[in-house]
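Structure data (PDB, C-alpha atoms) from model_14.pdb:
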```
ATOM      1  CA  MET O   1      57.602 208.218 202.875
ATOM      2  CA  ALA O   2      55.410 211.326 203.146
ATOM      3  CA  ILE O   3      55.205 212.802 206.638
ATOM      4  CA  THR O   4      51.759 214.251 207.342
ATOM      5  CA  ALA O   5      50.812 217.055 209.711
ATOM      6  CA  SER O   6      48.834 214.456 211.654
ATOM      7  CA  ASP O   7      51.992 212.360 212.133
ATOM      8  CA  VAL O   8      53.933 215.376 213.349
ATOM      9  CA  ASN O   9      51.177 216.374 215.752
ATOM     10  CA  LYS O  10      50.917 212.815 217.099
ATOM     11  CA  LEU O  11      54.673 212.719 217.836
ATOM     12  CA  ARG O  12      54.502 216.179 219.371
ATOM     13  CA  GLN O  13      51.696 215.107 221.720
ATOM     14  CA  GLN O  14      53.614 211.956 222.609
ATOM     15  CA  THR O  15      56.925 213.685 223.341
ATOM     16  CA  GLY O  16      56.255 217.379 223.925
ATOM     17  CA  ALA O  17      58.927 218.327 221.381
ATOM     18  CA  GLY O  18      58.529 221.268 218.985
ATOM     19  CA  MET O  19      56.745 220.856 215.661
ATOM     20  CA  MET O  20      59.855 221.237 213.490
ATOM     21  CA  ASP O  21      61.901 218.959 215.764
ATOM     22  CA  CYS O  22      59.196 216.302 215.445
ATOM     23  CA  LYS O  23      58.940 216.706 211.680
ATOM     24  CA  ASN O  24      62.715 216.479 211.199
ATOM     25  CA  ALA O  25      62.925 213.420 213.465
ATOM     26  CA  LEU O  26      60.150 211.653 211.534
ATOM     27  CA  VAL O  27      61.792 212.468 208.198
ATOM     28  CA  GLU O  28      65.136 211.143 209.455
ATOM     29  CA  ALA O  29      63.404 208.024 210.806
ATOM     30  CA  ASN O  30      61.386 207.447 207.613
ATOM     31  CA  GLY O  31      58.149 207.730 209.542
ATOM     32  CA  ASP O  32      59.088 205.226 212.281
ATOM     33  CA  PHE O  33      57.697 206.703 215.512
ATOM     34  CA  GLU O  34      59.916 204.706 217.865
ATOM     35  CA  ALA O  35      63.010 205.610 215.862
ATOM     36  CA  ALA O  36      61.911 209.264 215.822
ATOM     37  CA  ILE O  37      61.575 209.224 219.607
ATOM     38  CA  ASP O  38      65.100 207.815 219.856
ATOM     39  CA  ILE O  39      66.349 210.594 217.579
ATOM     40  CA  LEU O  40      64.744 213.202 219.849
ATOM     41  CA  ARG O  41      66.317 211.502 222.862
ATOM     42  CA  LYS O  42      69.714 211.574 221.182
ATOM     43  CA  LYS O  43      69.198 215.270 220.544
ATOM     44  CA  GLY O  44      68.632 215.596 224.264
ATOM     45  CA  GLN O  45      71.866 213.788 224.992
ATOM     46  CA  LYS O  46      73.761 216.155 222.722
ATOM     47  CA  ILE O  47      72.202 219.180 224.415
ATOM     48  CA  ALA O  48      73.010 217.700 227.799
ATOM     49  CA  ALA O  49      76.668 217.450 226.828
ATOM     50  CA  LYS O  50      76.716 220.934 225.315
ATOM     51  CA  ARG O  51      75.119 222.434 228.423
ATOM     52  CA  GLY O  52      77.267 220.514 230.883
ATOM     53  CA  ASP O  53      79.087 223.635 232.093
ATOM     54  CA  ASN O  54      75.931 225.737 232.494
ATOM     55  CA  ASP O  55      74.649 226.588 235.944
ATOM     56  CA  ALA O  56      71.407 224.881 236.960
ATOM     57  CA  LYS O  57      70.513 226.995 239.996
ATOM     58  CA  GLU O  58      66.749 227.197 239.531
ATOM     59  CA  GLY O  59      64.307 224.327 239.839
ATOM     60  CA  ILE O  60      61.873 222.645 242.195
ATOM     61  CA  ILE O  61      62.217 220.804 245.487
ATOM     62  CA  LEU O  62      59.357 218.577 246.628
ATOM     63  CA  ALA O  63      58.834 216.478 249.751
ATOM     64  CA  GLN O  64      56.062 213.953 250.198
ATOM     65  CA  ALA O  65      55.166 211.333 252.782
ATOM     66  CA  SER O  66      53.819 207.904 251.889
ATOM     67  CA  ALA O  67      50.130 207.054 252.317
ATOM     68  CA  ASP O  68      50.843 205.175 255.560
ATOM     69  CA  GLY O  69      52.942 208.064 256.891
ATOM     70  CA  GLN O  70      55.900 205.846 257.718
ATOM     71  CA  SER O  71      58.279 206.958 254.993
ATOM     72  CA  GLY O  72      58.882 209.965 252.815
ATOM     73  CA  ILE O  73      60.827 211.268 249.834
ATOM     74  CA  ILE O  74      62.448 214.649 249.277
ATOM     75  CA  LEU O  75      64.087 215.498 245.973
ATOM     76  CA  GLY O  76      65.126 218.428 243.839
ATOM     77  CA  LEU O  77      65.355 218.724 240.069
ATOM     78  CA  ASN O  78      67.363 221.763 239.010
ATOM     79  CA  CYS O  79      67.115 223.691 235.757
ATOM     80  CA  GLU O  80      68.707 226.865 234.424
ATOM     81  CA  THR O  81      65.842 229.377 234.488
ATOM     82  CA  ASP O  82      62.989 230.374 236.759
ATOM     83  CA  PHE O  83      60.720 230.415 233.687
ATOM     84  CA  VAL O  84      61.129 226.659 233.223
ATOM     85  CA  ALA O  85      60.855 225.931 236.961
ATOM     86  CA  LYS O  86      57.419 227.587 237.110
ATOM     87  CA  ASN O  87      56.064 225.719 234.084
ATOM     88  CA  GLU O  88      53.219 223.333 234.938
ATOM     89  CA  GLY O  89      54.753 220.598 232.818
ATOM     90  CA  TYR O  90      58.040 220.858 234.719
ATOM     91  CA  ILE O  91      56.245 220.718 238.066
ATOM     92  CA  ALA O  92      54.370 217.635 236.848
ATOM     93  CA  LEU O  93      57.673 216.037 235.808
ATOM     94  CA  VAL O  94      59.158 216.526 239.284
ATOM     95  CA  GLN O  95      55.977 215.177 240.889
ATOM     96  CA  SER O  96      56.208 212.087 238.695
ATOM     97  CA  LEU O  97      59.765 211.497 239.956
ATOM     98  CA  VAL O  98      58.527 211.812 243.543
ATOM     99  CA  ASP O  99      55.772 209.277 242.824
ATOM    100  CA  ILE O 100      58.266 206.789 241.390
ATOM    101  CA  ALA O 101      60.620 207.296 244.336
ATOM    102  CA  LEU O 102      57.789 206.769 246.834
ATOM    103  CA  ALA O 103      56.719 203.588 245.069
ATOM    104  CA  HIS O 104      60.217 202.036 245.130
ATOM    105  CA  LYS O 105      62.115 203.964 247.856
ATOM    106  CA  PRO O 106      65.585 203.698 246.275
ATOM    107  CA  ASP O 107      68.410 204.538 248.682
ATOM    108  CA  THR O 108      70.294 206.920 246.404
ATOM    109  CA  ALA O 109      69.777 209.325 243.519
ATOM    110  CA  ALA O 110      71.762 206.941 241.301
ATOM    111  CA  ALA O 111      69.389 204.103 242.185
ATOM    112  CA  LEU O 112      66.406 206.351 241.435
ATOM    113  CA  LYS O 113      67.851 207.247 238.023
ATOM    114  CA  ALA O 114      68.176 203.542 237.190
ATOM    115  CA  LEU O 115      64.473 202.847 237.810
ATOM    116  CA  ARG O 116      61.969 202.637 234.967
ATOM    117  CA  TYR O 117      60.121 205.876 234.271
ATOM    118  CA  ASP O 118      57.760 204.144 231.867
ATOM    119  CA  ASP O 119      57.873 201.250 229.403
ATOM    120  CA  ARG O 120      60.287 203.190 227.171
ATOM    121  CA  LEU O 121      62.686 205.015 229.441
ATOM    122  CA  THR O 122      64.534 204.910 232.720
ATOM    123  CA  VAL O 123      64.318 207.947 235.001
ATOM    124  CA  ASP O 124      67.780 209.045 233.852
ATOM    125  CA  GLU O 125      66.777 208.695 230.198
ATOM    126  CA  LYS O 126      63.584 210.662 230.858
ATOM    127  CA  ILE O 127      65.584 213.524 232.336
ATOM    128  CA  THR O 128      67.901 213.435 229.305
ATOM    129  CA  GLU O 129      64.901 213.454 226.981
ATOM    130  CA  GLN O 130      63.523 216.502 228.774
ATOM    131  CA  ILE O 131      66.861 218.296 228.364
ATOM    132  CA  GLY O 132      66.344 217.940 224.628
ATOM    133  CA  LEU O 133      62.744 219.094 224.755
ATOM    134  CA  ILE O 134      63.247 221.998 227.158
ATOM    135  CA  GLY O 135      66.691 223.049 225.947
ATOM    136  CA  GLU O 136      68.148 223.521 229.425
ATOM    137  CA  LYS O 137      70.513 221.592 231.645
ATOM    138  CA  LEU O 138      68.584 219.520 234.217
ATOM    139  CA  GLU O 139      70.085 217.913 237.319
ATOM    140  CA  LEU O 140      68.644 215.640 239.999
ATOM    141  CA  SER O 141      70.419 217.715 242.625
ATOM    142  CA  ASN O 142      69.048 216.448 245.936
ATOM    143  CA  TYR O 143      67.493 213.187 247.036
ATOM    144  CA  ALA O 144      66.806 211.517 250.376
ATOM    145  CA  VAL O 145      64.502 208.985 252.016
ATOM    146  CA  VAL O 146      63.281 209.130 255.615
ATOM    147  CA  ASP O 147      61.719 206.151 257.409
ATOM    148  CA  ALA O 148      60.143 206.504 260.859
ATOM    149  CA  SER O 149      57.056 205.739 262.944
ATOM    150  CA  LYS O 150      55.651 209.003 261.560
ATOM    151  CA  VAL O 151      57.018 211.065 258.667
ATOM    152  CA  VAL O 152      55.738 214.546 257.831
ATOM    153  CA  ALA O 153      56.607 216.627 254.761
ATOM    154  CA  TYR O 154      56.509 220.393 254.362
ATOM    155  CA  ASN O 155      56.778 222.247 251.059
ATOM    156  CA  HIS O 156      57.363 225.984 251.359
ATOM    157  CA  PRO O 157      55.341 228.128 248.915
ATOM    158  CA  GLY O 158      57.262 228.491 245.668
ATOM    159  CA  ASN O 159      58.721 224.971 245.802
ATOM    160  CA  GLN O 160      62.284 226.164 246.422
ATOM    161  CA  LEU O 161      62.505 224.804 249.976
ATOM    162  CA  ALA O 162      61.164 221.590 251.491
ATOM    163  CA  THR O 163      61.659 219.543 254.632
ATOM    164  CA  LEU O 164      60.996 215.976 255.687
ATOM    165  CA  VAL O 165      60.904 214.999 259.380
ATOM    166  CA  GLY O 166      60.716 211.588 261.026
ATOM    167  CA  PHE O 167      59.262 211.137 264.526
ATOM    168  CA  SER O 168      59.538 208.383 267.123
ATOM    169  CA  ALA O 169      55.774 207.830 267.418
ATOM    170  CA  ASP O 170      52.436 208.531 265.761
ATOM    171  CA  SER O 171      49.164 209.819 267.209
ATOM    172  CA  SER O 172      45.919 211.439 266.096
ATOM    173  CA  ASP O 173      47.364 214.970 266.117
ATOM    174  CA  MET O 174      50.801 214.170 264.695
ATOM    175  CA  ASP O 175      50.015 215.598 261.255
ATOM    176  CA  GLU O 176      49.705 219.108 262.713
ATOM    177  CA  VAL O 177      52.460 218.642 265.306
ATOM    178  CA  GLY O 178      54.755 217.273 262.642
ATOM    179  CA  ARG O 179      53.952 220.097 260.262
ATOM    180  CA  GLN O 180      54.896 222.663 262.901
ATOM    181  CA  VAL O 181      58.246 220.973 263.504
ATOM    182  CA  ALA O 182      58.823 220.596 259.755
ATOM    183  CA  MET O 183      58.201 224.339 259.386
ATOM    184  CA  GLN O 184      60.678 224.917 262.235
ATOM    185  CA  VAL O 185      63.307 223.005 260.263
ATOM    186  CA  ALA O 186      62.502 225.093 257.175
ATOM    187  CA  ALA O 187      62.721 228.412 259.032
ATOM    188  CA  MET O 188      65.643 227.784 261.401
ATOM    189  CA  ASN O 189      67.825 225.415 259.349
ATOM    190  CA  PRO O 190      69.253 223.320 262.221
ATOM    191  CA  ILE O 191      72.450 221.369 261.555
ATOM    192  CA  ALA O 192      71.541 218.347 263.700
ATOM    193  CA  ILE O 193      68.785 216.927 265.911
ATOM    194  CA  ASP O 194      70.811 217.547 269.098
ATOM    195  CA  LYS O 195      74.413 218.215 270.059
ATOM    196  CA  SER O 196      75.341 214.538 269.747
ATOM    197  CA  GLY O 197      74.797 214.892 265.997
ATOM    198  CA  VAL O 198      77.237 217.770 265.556
ATOM    199  CA  ASP O 199      80.539 216.617 264.068
ATOM    200  CA  GLU O 200      83.825 217.086 265.932
ATOM    201  CA  ARG O 201      85.257 219.400 263.304
ATOM    202  CA  THR O 202      82.395 221.861 263.804
ATOM    203  CA  ILE O 203      82.742 221.669 267.599
ATOM    204  CA  GLU O 204      86.500 222.305 267.430
ATOM    205  CA  ARG O 205      85.973 225.251 265.094
ATOM    206  CA  GLU O 206      83.342 226.833 267.369
ATOM    207  CA  LEU O 207      85.563 226.375 270.434
ATOM    208  CA  GLU O 208      88.520 227.931 268.641
ATOM    209  CA  ILE O 209      86.468 230.893 267.454
ATOM    210  CA  GLY O 210      84.951 231.390 270.898
ATOM    211  CA  LYS O 211      88.363 231.282 272.552
ATOM    212  CA  GLU O 212      89.900 233.698 270.043
ATOM    213  CA  LEU O 213      87.051 236.181 270.511
ATOM    214  CA  ALA O 214      87.472 236.021 274.324
ATOM    215  CA  ILE O 215      91.220 236.665 274.025
ATOM    216  CA  GLN O 216      90.542 239.609 271.694
ATOM    217  CA  GLU O 217      88.191 240.930 274.385
ATOM    218  CA  GLY O 218      91.106 240.880 276.833
ATOM    219  CA  LYS O 219      90.184 237.774 278.798
ATOM    220  CA  PRO O 220      93.021 235.618 280.235
ATOM    221  CA  ALA O 221      93.647 232.278 278.544
ATOM    222  CA  GLU O 222      92.099 230.169 281.345
ATOM    223  CA  MET O 223      88.928 232.247 281.352
ATOM    224  CA  ALA O 224      88.855 232.232 277.547
ATOM    225  CA  GLU O 225      88.582 228.426 277.630
ATOM    226  CA  LYS O 226      85.482 228.610 279.858
ATOM    227  CA  ILE O 227      83.958 231.388 277.791
ATOM    228  CA  SER O 228      84.450 229.390 274.587
ATOM    229  CA  GLN O 229      82.624 226.443 276.170
ATOM    230  CA  GLY O 230      79.736 228.716 277.086
ATOM    231  CA  ARG O 231      79.594 230.024 273.540
ATOM    232  CA  LEU O 232      79.614 226.470 272.245
ATOM    233  CA  ASN O 233      76.584 225.673 274.403
ATOM    234  CA  LYS O 234      74.842 228.731 272.943
ATOM    235  CA  PHE O 235      75.753 227.465 269.476
ATOM    236  CA  PHE O 236      74.088 224.122 270.269
ATOM    237  CA  LYS O 237      70.930 225.876 271.480
ATOM    238  CA  GLU O 238      70.673 227.959 268.340
ATOM    239  CA  ASN O 239      71.648 225.313 265.792
ATOM    240  CA  THR O 240      70.352 221.930 266.969
ATOM    241  CA  LEU O 241      66.670 221.267 266.404
ATOM    242  CA  LEU O 242      65.536 219.981 269.802
ATOM    243  CA  SER O 243      67.332 222.787 271.664
ATOM    244  CA  GLN O 244      66.057 225.616 269.464
ATOM    245  CA  GLN O 245      63.354 227.964 270.686
ATOM    246  CA  PHE O 246      60.075 226.799 269.196
ATOM    247  CA  ILE O 247      59.010 229.392 266.615
ATOM    248  CA  ARG O 248      55.327 229.079 267.547
ATOM    249  CA  ASP O 249      56.019 229.609 271.270
ATOM    250  CA  ASP O 250      59.442 230.970 272.225
ATOM    251  CA  LYS O 251      58.886 230.009 275.872
ATOM    252  CA  LEU O 252      59.426 226.395 274.814
ATOM    253  CA  THR O 253      62.206 224.541 273.091
ATOM    254  CA  VAL O 254      61.244 222.137 270.323
ATOM    255  CA  GLU O 255      62.094 219.288 272.694
ATOM    256  CA  GLN O 256      59.669 220.659 275.309
ATOM    257  CA  PHE O 257      56.960 221.176 272.692
ATOM    258  CA  LEU O 258      57.242 217.530 271.634
ATOM    259  CA  GLU O 259      57.314 216.284 275.235
ATOM    260  CA  ASN O 260      54.165 218.297 275.949
ATOM    261  CA  THR O 261      52.529 216.629 272.960
ATOM    262  CA  ALA O 262      53.375 213.083 274.063
ATOM    263  CA  SER O 263      55.811 211.754 276.636
ATOM    264  CA  GLY O 264      59.013 210.604 274.969
ATOM    265  CA  LEU O 265      58.080 211.955 271.544
ATOM    266  CA  THR O 266      61.152 213.113 269.621
ATOM    267  CA  VAL O 267      62.611 213.617 266.169
ATOM    268  CA  THR O 268      64.549 210.677 264.758
ATOM    269  CA  GLU O 269      65.691 212.218 261.456
ATOM    270  CA  PHE O 270      65.179 215.245 259.257
ATOM    271  CA  LYS O 271      66.151 216.459 255.810
ATOM    272  CA  ARG O 272      66.078 220.016 254.503
ATOM    273  CA  PHE O 273      66.848 220.990 250.916
ATOM    274  CA  SER O 274      66.827 224.520 249.533
ATOM    275  CA  LEU O 275      67.755 226.103 246.209
ATOM    276  CA  SER O 276      69.342 229.114 247.943
TER
END
```
How does the structure come out when it is put into structure tokens?
Amino acid sequence: MAITASDVNKLRQQTGAGMMDCKNALVEANGDFEAAIDILRKKGQKIAAKRGDNDAKEGIILAQASADGQSGIILGLNCETDFVAKNEGYIALVQSLVDIALAHKPDTAAALKALRYDDRLTVDEKITEQIGLIGEKLELSNYAVVDASKVVAYNHPGNQLATLVGFSADSSDMDEVGRQVAMQVAAMNPIAIDKSGVDERTIERELEIGKELAIQEGKPAEMAEKISQGRLNKFFKENTLLSQQFIRDDKLTVEQFLENTASGLTVTEFKRFSLS
């Protein structure tokens, strides 16, 4: 059958694919729009396979809390170039994935990919379709859910860094308090909430390094053990969230800042994802 310019334009508006790609798909599908869409999707699958070894180091990371403030989603969709990452359509795509994740709160990235994107495609199929349309490798690189009495999201300008923080309680000023702590997580990149969350392997490594440095400084072995413990405590203060100096007031730790806000207020969980 004859393929008109109107048909091509309609498929282009529906899929976002290039004019010639749409025309060729319609010709191959004998004018069947659904079949043409499948052909474009299959093209995406081929490109995905061809680009499997390419680096997808650019992209967008977004965090968002639910309307009730008791849960939140943080996810990253990587691409190959900064040009694509800054495209409004790409940003809208990532936001649509966040919206779907917030609506269903799947536990894992695999579970998110299995959800319906629309009445035609799953999330995974939508990403594959976009690989075909954009011509770059795309990866759902990071994904996490946080549930708490209060969850606050922070997106750093440029959308290459985002944080999501859960708190033990909510109050009228928790949006601002939470934002300040979420910015702390973004700026200082803690490895755990407090020292109880630091794994044994990290502790053993820090003790060994501290001891070796003390010995190199000429300290006797017994003293080196004590020095390494002191250095470990310093490590905890610098690298665990509640013990860190609060960036807005270095006379306080984050723990003290939260206690000053409300007695017993603390962080229950946090996530931080960054492209760099």
Quick one: residues within 8 Å of range 129-145 of chain O, only C-alpha atoms counted, chain neighbours fewer than 3 positions away excluded, as a PDB file with C-alpha atoms, in the frame of the given file?
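Writing the result to around.pdb gives the following:
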```pdb
ATOM      1  CA  GLY O  16      56.255 217.379 223.925  1.00  0.00           C
ATOM      2  CA  ALA O  17      58.927 218.327 221.381  1.00  0.00           C
ATOM      3  CA  GLY O  18      58.529 221.268 218.985  1.00  0.00           C
ATOM      4  CA  LEU O  40      64.744 213.202 219.849  1.00  0.00           C
ATOM      5  CA  ARG O  41      66.317 211.502 222.862  1.00  0.00           C
ATOM      6  CA  LYS O  42      69.714 211.574 221.182  1.00  0.00           C
ATOM      7  CA  LYS O  43      69.198 215.270 220.544  1.00  0.00           C
ATOM      8  CA  GLY O  44      68.632 215.596 224.264  1.00  0.00           C
ATOM      9  CA  GLN O  45      71.866 213.788 224.992  1.00  0.00           C
ATOM     10  CA  LYS O  46      73.761 216.155 222.722  1.00  0.00           C
ATOM     11  CA  ILE O  47      72.202 219.180 224.415  1.00  0.00           C
ATOM     12  CA  ALA O  48      73.010 217.700 227.799  1.00  0.00           C
ATOM     13  CA  ARG O  51      75.119 222.434 228.423  1.00  0.00           C
ATOM     14  CA  GLY O  52      77.267 220.514 230.883  1.00  0.00           C
ATOM     15  CA  ASN O  54      75.931 225.737 232.494  1.00  0.00           C
ATOM     16  CA  ASP O  55      74.649 226.588 235.944  1.00  0.00           C
ATOM     17  CA  ALA O  56      71.407 224.881 236.960  1.00  0.00           C
ATOM     18  CA  SER O  71      58.279 206.958 254.993  1.00  0.00           C
ATOM     19  CA  GLY O  72      58.882 209.965 252.815  1.00  0.00           C
ATOM     20  CA  ILE O  73      60.827 211.268 249.834  1.00  0.00           C
ATOM     21  CA  ILE O  74      62.448 214.649 249.277  1.00  0.00           C
ATOM     22  CA  LEU O  75      64.087 215.498 245.973  1.00  0.00           C
ATOM     23  CA  GLY O  76      65.126 218.428 243.839  1.00  0.00           C
ATOM     24  CA  LEU O  77      65.355 218.724 240.069  1.00  0.00           C
ATOM     25  CA  ASN O  78      67.363 221.763 239.010  1.00  0.00           C
ATOM     26  CA  CYS O  79      67.115 223.691 235.757  1.00  0.00           C
ATOM     27  CA  GLU O  80      68.707 226.865 234.424  1.00  0.00           C
ATOM     28  CA  VAL O  84      61.129 226.659 233.223  1.00  0.00           C
ATOM     29  CA  LYS O 105      62.115 203.964 247.856  1.00  0.00           C
ATOM     30  CA  PRO O 106      65.585 203.698 246.275  1.00  0.00           C
ATOM     31  CA  ASP O 107      68.410 204.538 248.682  1.00  0.00           C
ATOM     32  CA  THR O 108      70.294 206.920 246.404  1.00  0.00           C
ATOM     33  CA  ALA O 109      69.777 209.325 243.519  1.00  0.00           C
ATOM     34  CA  GLU O 125      66.777 208.695 230.198  1.00  0.00           C
ATOM     35  CA  LYS O 126      63.584 210.662 230.858  1.00  0.00           C
ATOM     36  CA  LYS O 271      66.151 216.459 255.810  1.00  0.00           C
ATOM     37  CA  PHE O 273      66.848 220.990 250.916  1.00  0.00           C
TER      38      PHE O 273
END
```
Computed gap from CA of Ala162 in chain O to CA of Leu242 in chain O is 18.9 Å
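Against the coordinates shown, the PyMOL selection byres ((chain O and resi 66-69) around 8) returns Gln64, Ala65, Gln70, Ser71, Gly72, Leu102, Ser149, Lys150, Val151 and Val152 of chain O.
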Which residues come within 9 Å of Leu11 in chain O, counting all atoms listed in the file, excluding same-chain residues fewer than 5 positions away, as an MDAnalysis selection string? chainID O and resid 6 16:17 19 22:23 26 33 36:37
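If you apply the PyMOL selection byres ((chain O and resi 255) around 7) to this structure, you end up with Leu242, Ser243, Thr253, Val254, Gln256, Phe257, Leu258, Glu259 and Thr266 of chain O.
Interatomic distance, CA of Gln184 in chain O to CA of Ser172 in chain O: 20.4 Å.
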Where atoms are absent from range 89-114 of chain O, fill them in so it carries N, CA and C atoms, then output it as a compact mmCIF listing (two decimals), in the coordinates of the input.
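Writing done, so here's result.txt:
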```txt
# COMPACT_ATOMS: atom_id res chain seq x y z
N GLY O 89 54.22 221.87 233.29
CA GLY O 89 54.75 220.60 232.82
C GLY O 89 56.00 220.17 233.59
N TYR O 90 56.82 221.15 233.95
CA TYR O 90 58.04 220.86 234.72
C TYR O 90 57.67 220.42 236.13
N ILE O 91 56.71 221.10 236.73
CA ILE O 91 56.24 220.72 238.07
C ILE O 91 55.69 219.30 238.04
N ALA O 92 54.93 218.99 236.99
CA ALA O 92 54.37 217.64 236.85
C ALA O 92 55.48 216.59 236.69
N LEU O 93 56.54 216.95 235.97
CA LEU O 93 57.67 216.04 235.81
C LEU O 93 58.30 215.71 237.16
N VAL O 94 58.55 216.75 237.97
CA VAL O 94 59.16 216.53 239.28
C VAL O 94 58.23 215.69 240.16
N GLN O 95 56.93 215.97 240.10
CA GLN O 95 55.98 215.18 240.89
C GLN O 95 56.00 213.72 240.46
N SER O 96 56.15 213.47 239.17
CA SER O 96 56.21 212.09 238.70
C SER O 96 57.44 211.37 239.23
N LEU O 97 58.56 212.09 239.38
CA LEU O 97 59.76 211.50 239.96
C LEU O 97 59.55 211.17 241.43
N VAL O 98 58.86 212.07 242.13
CA VAL O 98 58.53 211.81 243.54
C VAL O 98 57.66 210.57 243.66
N ASP O 99 56.67 210.44 242.78
CA ASP O 99 55.77 209.28 242.82
C ASP O 99 56.53 207.98 242.61
N ILE O 100 57.46 207.99 241.66
CA ILE O 100 58.27 206.79 241.39
C ILE O 100 59.14 206.47 242.60
N ALA O 101 59.75 207.49 243.17
CA ALA O 101 60.62 207.30 244.34
C ALA O 101 59.83 206.75 245.52
N LEU O 102 58.62 207.26 245.73
CA LEU O 102 57.79 206.77 246.83
C LEU O 102 57.37 205.32 246.63
N ALA O 103 57.15 204.96 245.37
CA ALA O 103 56.72 203.59 245.07
C ALA O 103 57.84 202.58 245.30
N HIS O 104 59.10 202.99 245.07
CA HIS O 104 60.22 202.04 245.13
C HIS O 104 61.20 202.32 246.27
N LYS O 105 61.23 203.54 246.76
CA LYS O 105 62.12 203.96 247.86
C LYS O 105 63.58 203.58 247.63
N PRO O 106 64.16 203.95 246.49
CA PRO O 106 65.58 203.70 246.28
C PRO O 106 66.42 204.48 247.29
N ASP O 107 67.58 203.92 247.65
CA ASP O 107 68.41 204.54 248.68
C ASP O 107 69.15 205.78 248.21
N THR O 108 69.46 205.84 246.92
CA THR O 108 70.29 206.92 246.40
C THR O 108 69.70 207.51 245.13
N ALA O 109 70.20 208.70 244.77
CA ALA O 109 69.78 209.32 243.52
C ALA O 109 70.15 208.46 242.32
N ALA O 110 71.32 207.82 242.40
CA ALA O 110 71.76 206.94 241.30
C ALA O 110 70.80 205.77 241.13
N ALA O 111 70.34 205.22 242.25
CA ALA O 111 69.39 204.10 242.18
C ALA O 111 68.05 204.57 241.63
N LEU O 112 67.65 205.80 241.98
CA LEU O 112 66.41 206.35 241.44
C LEU O 112 66.53 206.52 239.92
N LYS O 113 67.66 207.03 239.46
CA LYS O 113 67.85 207.25 238.02
C LYS O 113 67.79 205.94 237.23
N ALA O 114 68.16 204.83 237.88
CA ALA O 114 68.18 203.54 237.19
C ALA O 114 66.80 202.90 237.09
```
